[in-house]
Protein chains: 2
Amino acid sequence: MAKAATVYDVARHAGVSIATVSMAFRRPDRVKESTRDLVFASARALHYVPSASARGLADGRTGVLGLFSFDYFLPSAAPLEPDESCRDFPLYVDEIQRGMELACWQHDYALMIGGPSRAGGTDTVTDIAGHVDGLAVFPQTLPPDALERIAGRIPVVAVSEPPQDDRLSHITVDNRGGMRAVTEHLIRDHARRDLLFVGGLNPAEGRARFAGFRDALRAAGLRVPRKPLVPQTRVTPSGRAAVVLPDDLPMPEAFVCATDDVALDILEILAARGVRVPAEVAVTGFDGIVAGRVARPTLTTVRQPMVEMGRLVVEVLLRHIADPARPPEFCELPVQVVVRESCGC
Amino acid sequence: MAKAATVYDVARHAGVSIATVSMAFRRPDRVKESTRDLVFASARALHYVPSASARGLADGRTGVLGLFSFDYFLPSAAPLEPDESCRDFPLYVDEIQRGMELACWQHDYALMIGGPSRAGGTDTVTDIAGHVDGLAVFPQTLPPDALERIAGRIPVVAVSEPPQDDRLSHITVDNRGGMRAVTEHLIRDHARRDLLFVGGLNPAEGRARFAGFRDALRAAGLRVPRKPLVPQTRVTPSGRAAVVLPDDLPMPEAFVCATDDVALDILEILAARGVRVPAEVAVTGFDGIVAGRVARPTLTTVRQPMVEMGRLVVEVLLRHIADPARPPEFCELPVQVVVRESCGC
DNA sequence: TTGAAAGCGCTAACAT
DNA sequence: ATGTTAGCGCTTTCAA
């Protein structure tokens with residue numbers, strides 16, 4: 001590979017100054033046509049590819065947005081078997097990512113995706129931040145102070161985390177209302193009264209969902225539990241953390257799960273134990289990932305508008321790039337109960 | 001947003017030189033511990049995030065790999081309806097992308113994804129090229145001369161295109177052998193003799209697959225067609241190009257499709273016409289995308305190791321980054337016939 | 001162990 | 001319409 005050509009090479013080859021070369025690319029209309037053609041010809045002849053680093057340095061913007069993602073699988077996990085279903089369907093993060101991709105392209109931005117690398121999250125996210133004009137993160141995965149720091153330099157939006165008193169913009173959905181809605185569906189339309197909420201409270205989303213669950217029980221005059229069932233997990237051969245249920249767990253009339261992932265695991269456990277869903281027990285999820293549509297029985301859930309969220313993330317970022325003084329934004333998007341088989345419908 | 005802190009700010013705040021700041025980050029072991037702590041403290045205090053542009057300019061590498069992707073949907077397409085299945089399952093490009101993501105993270109690289117933006121492909125791909133240390137492309141979507149140019153600056157690998165006499169590395173699969181194998185399965189195990197190959201020859205992959213189809217027919221002593229059926233397409237409401245079949249098409253005993261996409265469309269058409277698969281006619285695909293597992297009947301196909309390909313892409317790129325003089329590589333990965341319902345099994 | 005200084009390739013005033 | 005030139009923020013010899 002020959003050493004890469006630079007503006008200087010192109011300028012010399014075309015017999016013009018570097019400013020003209022730069023101008024020819026950036027503002028073609030301000031260069032005489034003949035000169036422009038000359039420049040382009042030289043550029044082509046020399047295989048000139050402008051350095052985005054230099055350009056970014058010079059004009060302070062990169063034209064790239066970033067997403068710090070993560071993976072549900074442990075790094076050392078065995079490769080997936082053919083037809084193994086674990087990671088085949090797009091997950092929550094994948095769909096958000098997809099929305100961002102589409103929106104980025106539409107606005108002539110590129111998307112840079114980073115994830116937990118060997119070095120560890122904090123370094124990596126900082127590294128990505130250095131590359132981009134705006135960054136989206138799933139904050140649960142990162143130390144808040146690192147985010148604050150980055151937010152001091154470029155706009156940052158936190159996905160799926162309720163607004164905090166930080167400098168980040170936040171985009172979430174109506175977790176509480178959505179969970180209340182499915183729960184009420186179970187109570188009202190399926191006459192289930194003994195409901196068990198399964199899932200941790202750790203991401204703030206979990207808390208909101210549990211709150212919605214309690215709202216529904218309270219409104220129905222049912223006993224309101226103080227705590228959810230926080231299930232243990234085991235690591236599957238392919239590296240995923242799967243839910244396990246105590247053997248002696250008394251069967252409720254419905255498992256109301258904090259996420260589709262949990263619900264899907266529970267569906268599997270129940271199938272293995274020969275418990276019929278929804279005949280003996282109903283199961284609901286939350287998120288609306290694709291796998292729930294394919295599960296048997298199909299999973300009743302609350303759908304987040306994930307692709308829309310991804311698009312919105314990009315729009316918020318672009319607004320803040322255009323006007324850095326703009327204060328952080330907080331958006332809460334509506335969700336939608338998706339009634340399928342597992343609730344008894 | 002306060003103006004971003006730079007090395008200079010950190011240096012001043014810590015009372016050291018910018019060289020020391022830089023060193024503290026890049027080679028911590030070569031800086032006295034007390035100094036280093038001082039620098040880090042200042043950096044944190046000032047919300048310092050190193051500029052990747054400046055770093056990239058200075059040391060000639062960015063730590064980013066690029067992928068120029070594309071989308072099957074037309075830009076102006078209506079938003080997908082809830083539960084509309086078109087783009088819900090990961091497609092070929094998505095799975096390759098996923099493999100690249102994982103491999104990038106593993107090697108402490110970030111992945112930059114670009115796609116056709118309003119500006120048009122060539123500009124965009126050049127732009128991305130300027131940002132990264134190595135680039136992967138689906139070449140069908142891009143003018144070859146743009147790729148040649150880029151390949152003069154950074155390593156480029158073309159995915160799913162047979163080796164050419166260019167400066168690109170190429171990663172493909174055994175399209176011909178794979179197609180021959182499914183076709184033989186149809187002939188040998190299902191006694192189908194009147195087979196119709198559906199799909200264009202345009203990407204070189206299509207040609208190889210058609211060749212494999214012909215191989216199988218020839219070996220079986222059947223009549224070998226000169227041309228495939230190149231179906232017309234229509235644009236669906238959501239913007240996808242879907243195959244259409246002539247109303248008067250005589251039914252073969254099997255549709256051997258060049259891709260899963262085509263096969264899935266045909267499955268749908270046949271269902272609409274009340275033709276039973278596989279009882280009346282068999283259908284096979286090629287690629288092994290997830291949607292084929294979920295279709296009814298489930299789709300017999302030839303699986304490409306897509307995630308593996310993505311990983312391999314990254315490895316090839318890194319090899320060439322490490323040694324720019326290295327000549328282009330050509331890899332052909334094996335494929336695997338995945339027998340499901342649509343062939344009659 | 002640390003500092004001074006010379007770039008890296010490009011953009012955008014400003015000058016011509 | 002085009003050229004001159006001063007940075008942009010960082011890395012990296014080379015000196016001290």
# chains A, B, ... in the order shown; residues from 1 in each chain; ligands from 1

call {"tool": "select_by_dssp", "arguments": {"residues": "stretch 131-173 of chain B", "states": "strand (DSSP E or B)", "output": "ChimeraX atom specification"}}
result
/B:134-137,156-159,169-173

call {"tool": "calpha_fit_and_write", "arguments": {"fixed": "chain B", "moving": "chain A", "output": "CSV table (one decimal) with C-alpha atoms, in the first residue's frame"}}
result
chain,number,residue,atom,x,y,z
A,1,MET,CA,-21.7,23.3,27.0
A,2,ALA,CA,-18.5,24.8,28.0
A,3,LYS,CA,-15.7,24.7,25.5
A,4,ALA,CA,-14.1,21.3,25.6
A,5,ALA,CA,-10.9,20.9,27.6
A,6,THR,CA,-7.8,19.9,25.7
A,7,VAL,CA,-4.4,18.6,26.6
A,8,TYR,CA,-3.2,22.1,27.1
A,9,ASP,CA,-5.9,22.8,29.7
A,10,VAL,CA,-5.2,19.6,31.6
A,11,ALA,CA,-1.4,20.3,31.4
A,12,ARG,CA,-1.8,23.8,32.8
A,13,HIS,CA,-4.2,22.7,35.5
A,14,ALA,CA,-1.9,19.9,36.6
A,15,GLY,CA,1.2,22.0,36.3
A,16,VAL,CA,2.9,19.7,33.8
A,17,SER,CA,3.6,19.7,30.1
A,18,ILE,CA,1.3,18.4,27.4
A,19,ALA,CA,3.7,15.6,26.7
A,20,THR,CA,3.3,14.4,30.2
A,21,VAL,CA,-0.4,14.5,29.9
A,22,SER,CA,-0.3,12.5,26.7
A,23,MET,CA,2.1,10.1,28.1
A,24,ALA,CA,0.1,9.6,31.3
A,25,PHE,CA,-2.8,8.4,29.1
A,26,ARG,CA,-0.9,6.4,26.5
A,27,ARG,CA,1.8,4.9,28.6
A,28,PRO,CA,0.9,5.3,32.2
A,29,ASP,CA,3.8,3.2,33.4
A,30,ARG,CA,6.3,5.7,32.1
A,31,VAL,CA,5.1,8.5,34.3
A,32,LYS,CA,5.8,8.8,38.0
A,33,GLU,CA,2.8,7.7,39.9
A,34,SER,CA,2.2,11.0,41.7
A,35,THR,CA,2.4,12.9,38.5
A,36,ARG,CA,0.0,10.5,36.9
A,37,ASP,CA,-2.5,10.8,39.6
A,38,LEU,CA,-2.2,14.6,39.3
A,39,VAL,CA,-2.9,14.4,35.6
A,40,PHE,CA,-5.8,12.1,36.0
A,41,ALA,CA,-7.3,14.3,38.7
A,42,SER,CA,-7.0,17.4,36.5
A,43,ALA,CA,-8.5,15.5,33.5
A,44,ARG,CA,-11.4,14.5,35.6
A,45,ALA,CA,-11.9,17.9,37.0
A,46,LEU,CA,-11.9,19.5,33.6
A,47,HIS,CA,-14.1,16.8,31.9
A,48,TYR,CA,-11.3,16.0,29.6
A,49,VAL,CA,-12.1,13.7,26.7
A,50,PRO,CA,-9.3,13.3,24.3
A,51,SER,CA,-10.1,14.2,20.7
A,52,ALA,CA,-9.9,11.1,18.5
A,53,SER,CA,-9.5,13.3,15.5
A,54,ALA,CA,-6.3,14.8,16.8
A,55,ARG,CA,-5.1,11.5,18.0
A,56,GLY,CA,-5.8,9.9,14.7
A,57,LEU,CA,-4.1,12.7,12.8
A,58,ALA,CA,-1.0,12.5,15.0
A,59,ASP,CA,-0.5,8.8,15.0
A,60,GLY,CA,-2.1,7.8,11.7
A,61,ARG,CA,-4.6,5.3,13.1
A,62,THR,CA,-8.1,5.6,14.3
A,63,GLY,CA,-8.9,2.4,16.1
A,64,VAL,CA,-12.1,2.1,14.1
A,65,LEU,CA,-13.1,-0.4,11.4
A,66,GLY,CA,-15.9,0.5,8.9
A,67,LEU,CA,-18.7,-1.3,7.3
A,68,PHE,CA,-20.6,0.1,4.4
A,69,SER,CA,-24.0,-1.4,4.7
A,70,PHE,CA,-27.3,-1.0,3.0
A,71,ASP,CA,-30.9,-1.4,3.6
A,72,TYR,CA,-33.5,-3.4,1.7
A,73,PHE,CA,-36.1,-0.8,2.2
A,74,LEU,CA,-36.5,2.3,0.1
A,75,PRO,CA,-35.8,5.5,1.9
A,76,SER,CA,-39.3,6.8,1.5
A,77,ALA,CA,-41.0,3.7,2.7
A,78,ALA,CA,-43.9,3.9,5.1
A,79,PRO,CA,-43.1,2.9,8.6
A,80,LEU,CA,-43.6,-0.7,9.4
A,81,GLU,CA,-46.9,-1.7,10.9
A,82,PRO,CA,-46.8,-3.4,14.3
A,83,ASP,CA,-46.3,-7.1,13.8
A,84,GLU,CA,-45.4,-6.7,10.2
A,85,SER,CA,-42.8,-9.2,9.5
A,86,CYS,CA,-40.8,-7.7,6.7
A,87,ARG,CA,-37.8,-6.4,8.4
A,88,ASP,CA,-38.1,-7.9,11.8
A,89,PHE,CA,-35.8,-10.7,11.5
A,90,PRO,CA,-32.1,-10.1,11.0
A,91,LEU,CA,-31.1,-10.2,7.4
A,92,TYR,CA,-28.0,-11.3,5.8
A,93,VAL,CA,-26.3,-7.9,6.3
A,94,ASP,CA,-27.4,-7.7,9.9
A,95,GLU,CA,-25.8,-11.0,10.8
A,96,ILE,CA,-22.5,-10.1,9.1
A,97,GLN,CA,-22.6,-6.8,10.9
A,98,ARG,CA,-23.1,-8.6,14.2
A,99,GLY,CA,-20.1,-10.8,13.6
A,100,MET,CA,-18.0,-7.7,12.9
A,101,GLU,CA,-19.3,-6.0,16.0
A,102,LEU,CA,-18.3,-8.8,18.3
A,103,ALA,CA,-14.9,-9.2,16.7
A,104,CYS,CA,-14.2,-5.5,16.8
A,105,TRP,CA,-15.0,-5.2,20.4
A,106,GLN,CA,-12.8,-8.2,21.2
A,107,HIS,CA,-9.9,-6.4,19.5
A,108,ASP,CA,-10.6,-3.1,21.1
A,109,TYR,CA,-11.8,-1.5,17.9
A,110,ALA,CA,-15.0,0.3,17.4
A,111,LEU,CA,-17.2,-0.3,14.3
A,112,MET,CA,-18.4,2.5,12.1
A,113,ILE,CA,-21.5,1.8,10.0
A,114,GLY,CA,-22.4,3.8,7.1
A,115,GLY,CA,-25.1,3.3,4.6
A,116,PRO,CA,-26.6,5.0,1.6
A,117,SER,CA,-27.4,8.5,2.6
A,118,ARG,CA,-29.1,11.2,0.7
A,119,ALA,CA,-25.9,12.3,-0.8
A,120,GLY,CA,-25.4,9.0,-2.5
A,121,GLY,CA,-23.2,6.0,-2.0
A,122,THR,CA,-19.9,7.1,-3.4
A,123,ASP,CA,-19.4,10.2,-1.3
A,124,THR,CA,-20.6,8.4,1.8
A,125,VAL,CA,-18.3,5.5,1.5
A,126,THR,CA,-15.3,7.7,0.8
A,127,ASP,CA,-16.3,9.7,3.9
A,128,ILE,CA,-16.4,6.6,6.0
A,129,ALA,CA,-13.1,5.4,4.5
A,130,GLY,CA,-11.5,8.6,5.8
A,131,HIS,CA,-12.5,7.7,9.3
A,132,VAL,CA,-11.4,4.1,9.6
A,133,ASP,CA,-8.3,1.9,9.5
A,134,GLY,CA,-10.0,-0.7,7.4
A,135,LEU,CA,-13.3,-1.1,5.6
A,136,ALA,CA,-15.8,-3.9,4.7
A,137,VAL,CA,-18.2,-3.5,1.9
A,138,PHE,CA,-20.9,-5.3,0.0
A,139,PRO,CA,-19.5,-4.4,-3.3
A,140,GLN,CA,-22.7,-4.8,-5.3
A,141,THR,CA,-23.8,-1.5,-3.9
A,142,LEU,CA,-20.8,0.5,-4.9
A,143,PRO,CA,-18.9,1.6,-8.0
A,144,PRO,CA,-15.7,-0.5,-8.3
A,145,ASP,CA,-13.4,2.4,-8.9
A,146,ALA,CA,-14.4,4.1,-5.7
A,147,LEU,CA,-13.4,0.9,-3.9
A,148,GLU,CA,-10.1,0.7,-5.8
A,149,ARG,CA,-9.4,4.1,-4.7
A,150,ILE,CA,-10.1,3.4,-1.1
A,151,ALA,CA,-8.2,0.2,-1.2
A,152,GLY,CA,-5.2,2.3,-2.1
A,153,ARG,CA,-5.3,3.9,1.2
A,154,ILE,CA,-6.7,1.3,3.7
A,155,PRO,CA,-7.4,-2.4,3.5
A,156,VAL,CA,-10.8,-3.2,2.1
A,157,VAL,CA,-12.6,-6.5,2.1
A,158,ALA,CA,-15.4,-7.3,-0.1
A,159,VAL,CA,-18.0,-9.5,1.4
A,160,SER,CA,-19.9,-12.0,-0.8
A,161,GLU,CA,-18.2,-11.3,-4.0
A,162,PRO,CA,-15.9,-13.7,-5.7
A,163,PRO,CA,-12.3,-12.7,-6.0
A,164,GLN,CA,-11.6,-10.2,-8.7
A,165,ASP,CA,-8.5,-8.8,-10.1
A,166,ASP,CA,-8.6,-5.8,-7.8
A,167,ARG,CA,-6.8,-4.7,-4.7
A,168,LEU,CA,-9.5,-5.9,-2.4
A,169,SER,CA,-9.6,-9.0,-0.1
A,170,HIS,CA,-12.6,-11.2,-0.8
A,171,ILE,CA,-14.6,-13.3,1.5
A,172,THR,CA,-17.3,-15.5,0.1
A,173,VAL,CA,-18.8,-18.9,0.6
A,174,ASP,CA,-19.1,-21.9,-1.6
A,175,ASN,CA,-22.2,-20.8,-3.5
A,176,ARG,CA,-21.8,-23.2,-6.3
A,177,GLY,CA,-21.2,-26.3,-4.1
A,178,GLY,CA,-24.0,-25.4,-1.7
A,179,MET,CA,-26.5,-24.9,-4.4
A,180,ARG,CA,-25.5,-28.1,-6.0
A,181,ALA,CA,-26.0,-29.9,-2.7
A,182,VAL,CA,-29.6,-28.7,-2.1
A,183,THR,CA,-30.5,-29.4,-5.6
A,184,GLU,CA,-29.2,-32.9,-5.4
A,185,HIS,CA,-31.1,-33.4,-2.2
A,186,LEU,CA,-34.3,-32.5,-4.0
A,187,ILE,CA,-33.5,-34.8,-6.8
A,188,ARG,CA,-32.1,-37.7,-4.8
A,189,ASP,CA,-34.2,-37.7,-1.7
A,190,HIS,CA,-37.4,-36.2,-3.0
A,191,ALA,CA,-37.4,-37.5,-6.5
A,192,ARG,CA,-38.1,-34.1,-8.0
A,193,ARG,CA,-37.1,-33.8,-11.6
A,194,ASP,CA,-38.8,-30.7,-12.9
A,195,LEU,CA,-36.9,-28.0,-11.0
A,196,LEU,CA,-37.0,-24.3,-11.6
A,197,PHE,CA,-34.3,-22.0,-10.5
A,198,VAL,CA,-35.6,-18.6,-9.5
A,199,GLY,CA,-33.4,-15.5,-9.1
A,200,GLY,CA,-31.2,-13.0,-11.0
A,201,LEU,CA,-27.7,-13.7,-12.0
A,202,ASN,CA,-26.6,-10.2,-11.3
A,203,PRO,CA,-24.5,-10.4,-8.2
A,204,ALA,CA,-21.8,-12.8,-9.1
A,205,GLU,CA,-23.1,-15.0,-6.3
A,206,GLY,CA,-26.3,-15.6,-8.3
A,207,ARG,CA,-24.3,-16.9,-11.2
A,208,ALA,CA,-22.3,-19.2,-9.0
A,209,ARG,CA,-25.5,-20.5,-7.5
A,210,PHE,CA,-27.1,-21.1,-10.8
A,211,ALA,CA,-24.0,-22.9,-11.9
A,212,GLY,CA,-24.3,-25.2,-8.9
A,213,PHE,CA,-27.9,-25.8,-9.8
A,214,ARG,CA,-26.9,-26.8,-13.3
A,215,ASP,CA,-24.1,-29.0,-12.0
A,216,ALA,CA,-26.7,-31.0,-10.1
A,217,LEU,CA,-29.0,-31.4,-13.0
A,218,ARG,CA,-26.3,-32.4,-15.3
A,219,ALA,CA,-24.9,-34.9,-12.9
A,220,ALA,CA,-28.4,-36.4,-12.6
A,221,GLY,CA,-28.8,-36.6,-16.3
A,222,LEU,CA,-31.7,-34.1,-16.3
A,223,ARG,CA,-32.2,-31.4,-18.8
A,224,VAL,CA,-30.0,-28.4,-18.0
A,225,PRO,CA,-31.7,-25.0,-18.5
A,226,ARG,CA,-29.6,-22.2,-20.0
A,227,LYS,CA,-31.3,-19.5,-18.0
A,228,PRO,CA,-32.9,-19.0,-14.6
A,229,LEU,CA,-36.3,-17.5,-14.1
A,230,VAL,CA,-35.6,-13.9,-13.3
A,231,PRO,CA,-38.7,-12.8,-11.5
A,232,GLN,CA,-40.2,-9.4,-11.7
A,233,THR,CA,-40.5,-7.5,-8.5
A,234,ARG,CA,-43.0,-5.1,-7.1
A,235,VAL,CA,-42.5,-2.6,-4.3
A,236,THR,CA,-44.5,-3.5,-1.2
A,237,PRO,CA,-46.2,-0.8,0.8
A,238,SER,CA,-43.4,-0.8,3.3
A,239,GLY,CA,-40.8,-0.4,0.6
A,240,ARG,CA,-39.4,-3.8,0.0
A,241,ALA,CA,-38.9,-5.2,-3.4
A,242,ALA,CA,-41.0,-8.4,-3.5
A,243,VAL,CA,-40.9,-11.1,-6.1
A,244,VAL,CA,-43.9,-11.6,-8.3
A,245,LEU,CA,-44.6,-14.7,-10.3
A,246,PRO,CA,-46.5,-14.8,-13.6
A,247,ASP,CA,-50.1,-16.0,-13.2
A,248,ASP,CA,-49.7,-18.5,-15.9
A,249,LEU,CA,-46.4,-20.0,-14.7
A,250,PRO,CA,-46.6,-23.8,-15.1
A,251,MET,CA,-45.9,-25.3,-11.7
A,252,PRO,CA,-42.6,-27.1,-11.5
A,253,GLU,CA,-42.0,-29.8,-8.9
A,254,ALA,CA,-39.6,-27.5,-7.0
A,255,PHE,CA,-38.7,-23.9,-6.9
A,256,VAL,CA,-34.9,-23.7,-6.2
A,257,CYS,CA,-34.4,-20.1,-5.2
A,258,ALA,CA,-31.2,-18.1,-5.3
A,259,THR,CA,-31.9,-16.5,-1.9
A,260,ASP,CA,-34.1,-17.0,1.1
A,261,ASP,CA,-35.7,-13.7,0.4
A,262,VAL,CA,-37.0,-15.0,-2.9
A,263,ALA,CA,-38.0,-18.3,-1.4
A,264,LEU,CA,-40.0,-16.6,1.3
A,265,ASP,CA,-41.8,-14.5,-1.2
A,266,ILE,CA,-42.6,-17.5,-3.3
A,267,LEU,CA,-43.9,-19.4,-0.2
A,268,GLU,CA,-46.2,-16.5,0.3
A,269,ILE,CA,-47.4,-16.4,-3.2
A,270,LEU,CA,-48.0,-20.1,-3.3
A,271,ALA,CA,-49.9,-19.9,0.0
A,272,ALA,CA,-52.1,-17.2,-1.5
A,273,ARG,CA,-52.8,-19.3,-4.6
A,274,GLY,CA,-53.6,-22.3,-2.5
A,275,VAL,CA,-50.7,-24.4,-3.7
A,276,ARG,CA,-49.5,-26.7,-0.9
A,277,VAL,CA,-45.8,-26.8,0.0
A,278,PRO,CA,-44.1,-29.2,0.0
A,279,ALA,CA,-46.9,-31.6,-1.1
A,280,GLU,CA,-47.5,-30.1,-4.5
A,281,VAL,CA,-44.2,-28.2,-4.9
A,282,ALA,CA,-41.0,-28.0,-3.0
A,283,VAL,CA,-39.2,-24.7,-2.3
A,284,THR,CA,-35.6,-24.1,-1.2
A,285,GLY,CA,-33.7,-21.0,-0.4
A,286,PHE,CA,-30.1,-19.9,0.2
A,287,ASP,CA,-28.5,-17.9,3.0
A,288,GLY,CA,-30.0,-19.2,6.2
A,289,ILE,CA,-31.6,-16.1,7.4
A,290,VAL,CA,-33.7,-16.4,10.6
A,291,ALA,CA,-37.0,-15.7,8.9
A,292,GLY,CA,-36.7,-19.0,7.1
A,293,ARG,CA,-36.8,-20.8,10.4
A,294,VAL,CA,-40.0,-19.1,11.3
A,295,ALA,CA,-41.8,-19.4,8.0
A,296,ARG,CA,-44.5,-21.9,7.5
A,297,PRO,CA,-43.5,-24.4,6.2
A,298,THR,CA,-40.0,-23.9,7.6
A,299,LEU,CA,-37.6,-23.2,4.8
A,300,THR,CA,-35.0,-25.7,3.6
A,301,THR,CA,-32.0,-23.7,2.7
A,302,VAL,CA,-28.2,-23.5,2.5
A,303,ARG,CA,-26.7,-21.7,5.5
A,304,GLN,CA,-23.9,-19.2,5.1
A,305,PRO,CA,-21.9,-18.8,8.3
A,306,MET,CA,-22.7,-15.2,8.5
A,307,VAL,CA,-21.5,-14.3,12.0
A,308,GLU,CA,-18.3,-16.2,11.3
A,309,MET,CA,-17.9,-14.3,8.1
A,310,GLY,CA,-18.2,-11.0,10.0
A,311,ARG,CA,-15.5,-12.2,12.4
A,312,LEU,CA,-13.3,-13.2,9.6
A,313,VAL,CA,-13.7,-9.9,7.9
A,314,VAL,CA,-12.4,-8.2,11.0
A,315,GLU,CA,-9.5,-10.6,11.2
A,316,VAL,CA,-8.4,-10.1,7.7
A,317,LEU,CA,-8.7,-6.3,8.1
A,318,LEU,CA,-6.5,-6.4,11.2
A,319,ARG,CA,-3.9,-8.5,9.5
A,320,HIS,CA,-3.7,-6.0,6.7
A,321,ILE,CA,-3.5,-3.1,9.1
A,322,ALA,CA,-0.7,-4.8,10.9
A,323,ASP,CA,1.1,-5.4,7.7
A,324,PRO,CA,0.0,-3.1,4.9
A,325,ALA,CA,2.2,-4.8,2.4
A,326,ARG,CA,0.3,-8.0,2.7
A,327,PRO,CA,-1.4,-9.1,-0.5
A,328,PRO,CA,-5.2,-9.3,-0.6
A,329,GLU,CA,-6.7,-12.5,0.8
A,330,PHE,CA,-9.4,-14.6,-0.7
A,331,CYS,CA,-11.4,-16.9,1.5
A,332,GLU,CA,-14.2,-19.2,0.6
A,333,LEU,CA,-16.1,-20.5,3.5
A,334,PRO,CA,-18.1,-23.7,3.5
A,335,VAL,CA,-21.8,-23.7,3.6
A,336,GLN,CA,-24.2,-26.2,5.0
A,337,VAL,CA,-27.5,-27.6,3.7
A,338,VAL,CA,-30.2,-27.1,6.4
A,339,VAL,CA,-33.0,-29.4,5.8
A,340,ARG,CA,-36.4,-28.3,7.0
A,341,GLU,CA,-40.0,-28.7,5.9
A,342,SER,CA,-40.3,-26.9,2.6
A,343,CYS,CA,-38.3,-29.5,0.6
A,344,GLY,CA,-40.6,-32.3,1.8
A,345,CYS,CA,-38.5,-33.6,4.7

call {"tool": "residues_around", "arguments": {"residues": "D:DA16", "least_positions_apart": "6", "cutoff": "10 Å", "atoms": "only C-alpha atoms (C1' of nucleotides)", "output": "list of chain:residue names"}}
result
C:DT2, C:DG3, C:DA4

call {"tool": "interface_residues", "arguments": {"of": "chain C", "to": "chain A", "cutoff": "12 Å", "atoms": "only C-alpha atoms (C1' of nucleotides)", "output": "list in words"}}
result
DC8, DG9, DC10, DT11, DA12 and DA13 of chain C

call {"tool": "atom_distance", "arguments": {"atom1": "atom C1' of C:DA6", "atom2": "atom C1' of D:DT11"}}
result
10.7 Å

call {"tool": "atom_distance", "arguments": {"atom1": "atom C1' of D:DT4", "atom2": "atom C1' of C:DA5"}}
result
22.6 Å

call {"tool": "select_by_dssp", "arguments": {"residues": "stretch 1-116 of chain B", "states": "helix (DSSP H, G or I)", "output": "number ranges by chain"}}
result
B: 7-14, 18-26, 28-30, 33-45, 52-59, 92-106

call {"tool": "closest_atom_pairs", "arguments": {"of": "chain D", "to": "chain B", "cutoff": "9 Å", "atoms": "only C-alpha atoms (C1' of nucleotides)", "output": "CSV"}}
result
residue,atom,partner,partner_atom,distance
D:DC8,C1',B:Ala54,CA,7.8
D:DG9,C1',B:Ala54,CA,4.9
D:DC10,C1',B:Arg55,CA,4.9
D:DT11,C1',B:Ala58,CA,5.5
D:DT12,C1',B:Ala19,CA,8.7

call {"tool": "write_last_selection", "arguments": {"atoms": "C-alpha atoms (C1' of nucleotides)", "output": "PDB file, in the first residue's frame"}}
result
ATOM      1  C1'  DC D   8      -7.421  22.385  15.273  1.00  0.00           C
ATOM      2  C1'  DG D   9      -5.504  18.756  19.629  1.00  0.00           C
ATOM      3  C1'  DC D  10      -2.581  15.256  19.963  1.00  0.00           C
ATOM      4  C1'  DT D  11       1.811  12.129  19.655  1.00  0.00           C
ATOM      5  C1'  DT D  12       6.467  11.697  19.567  1.00  0.00           C
TER       6       DT D  12
END

call {"tool": "residues_around", "arguments": {"residues": "C:DC14", "least_positions_apart": "4", "cutoff": "12 Å", "atoms": "only C-alpha atoms (C1' of nucleotides)", "output": "PyMOL selection string"}}
result
chain D and resi 3-6
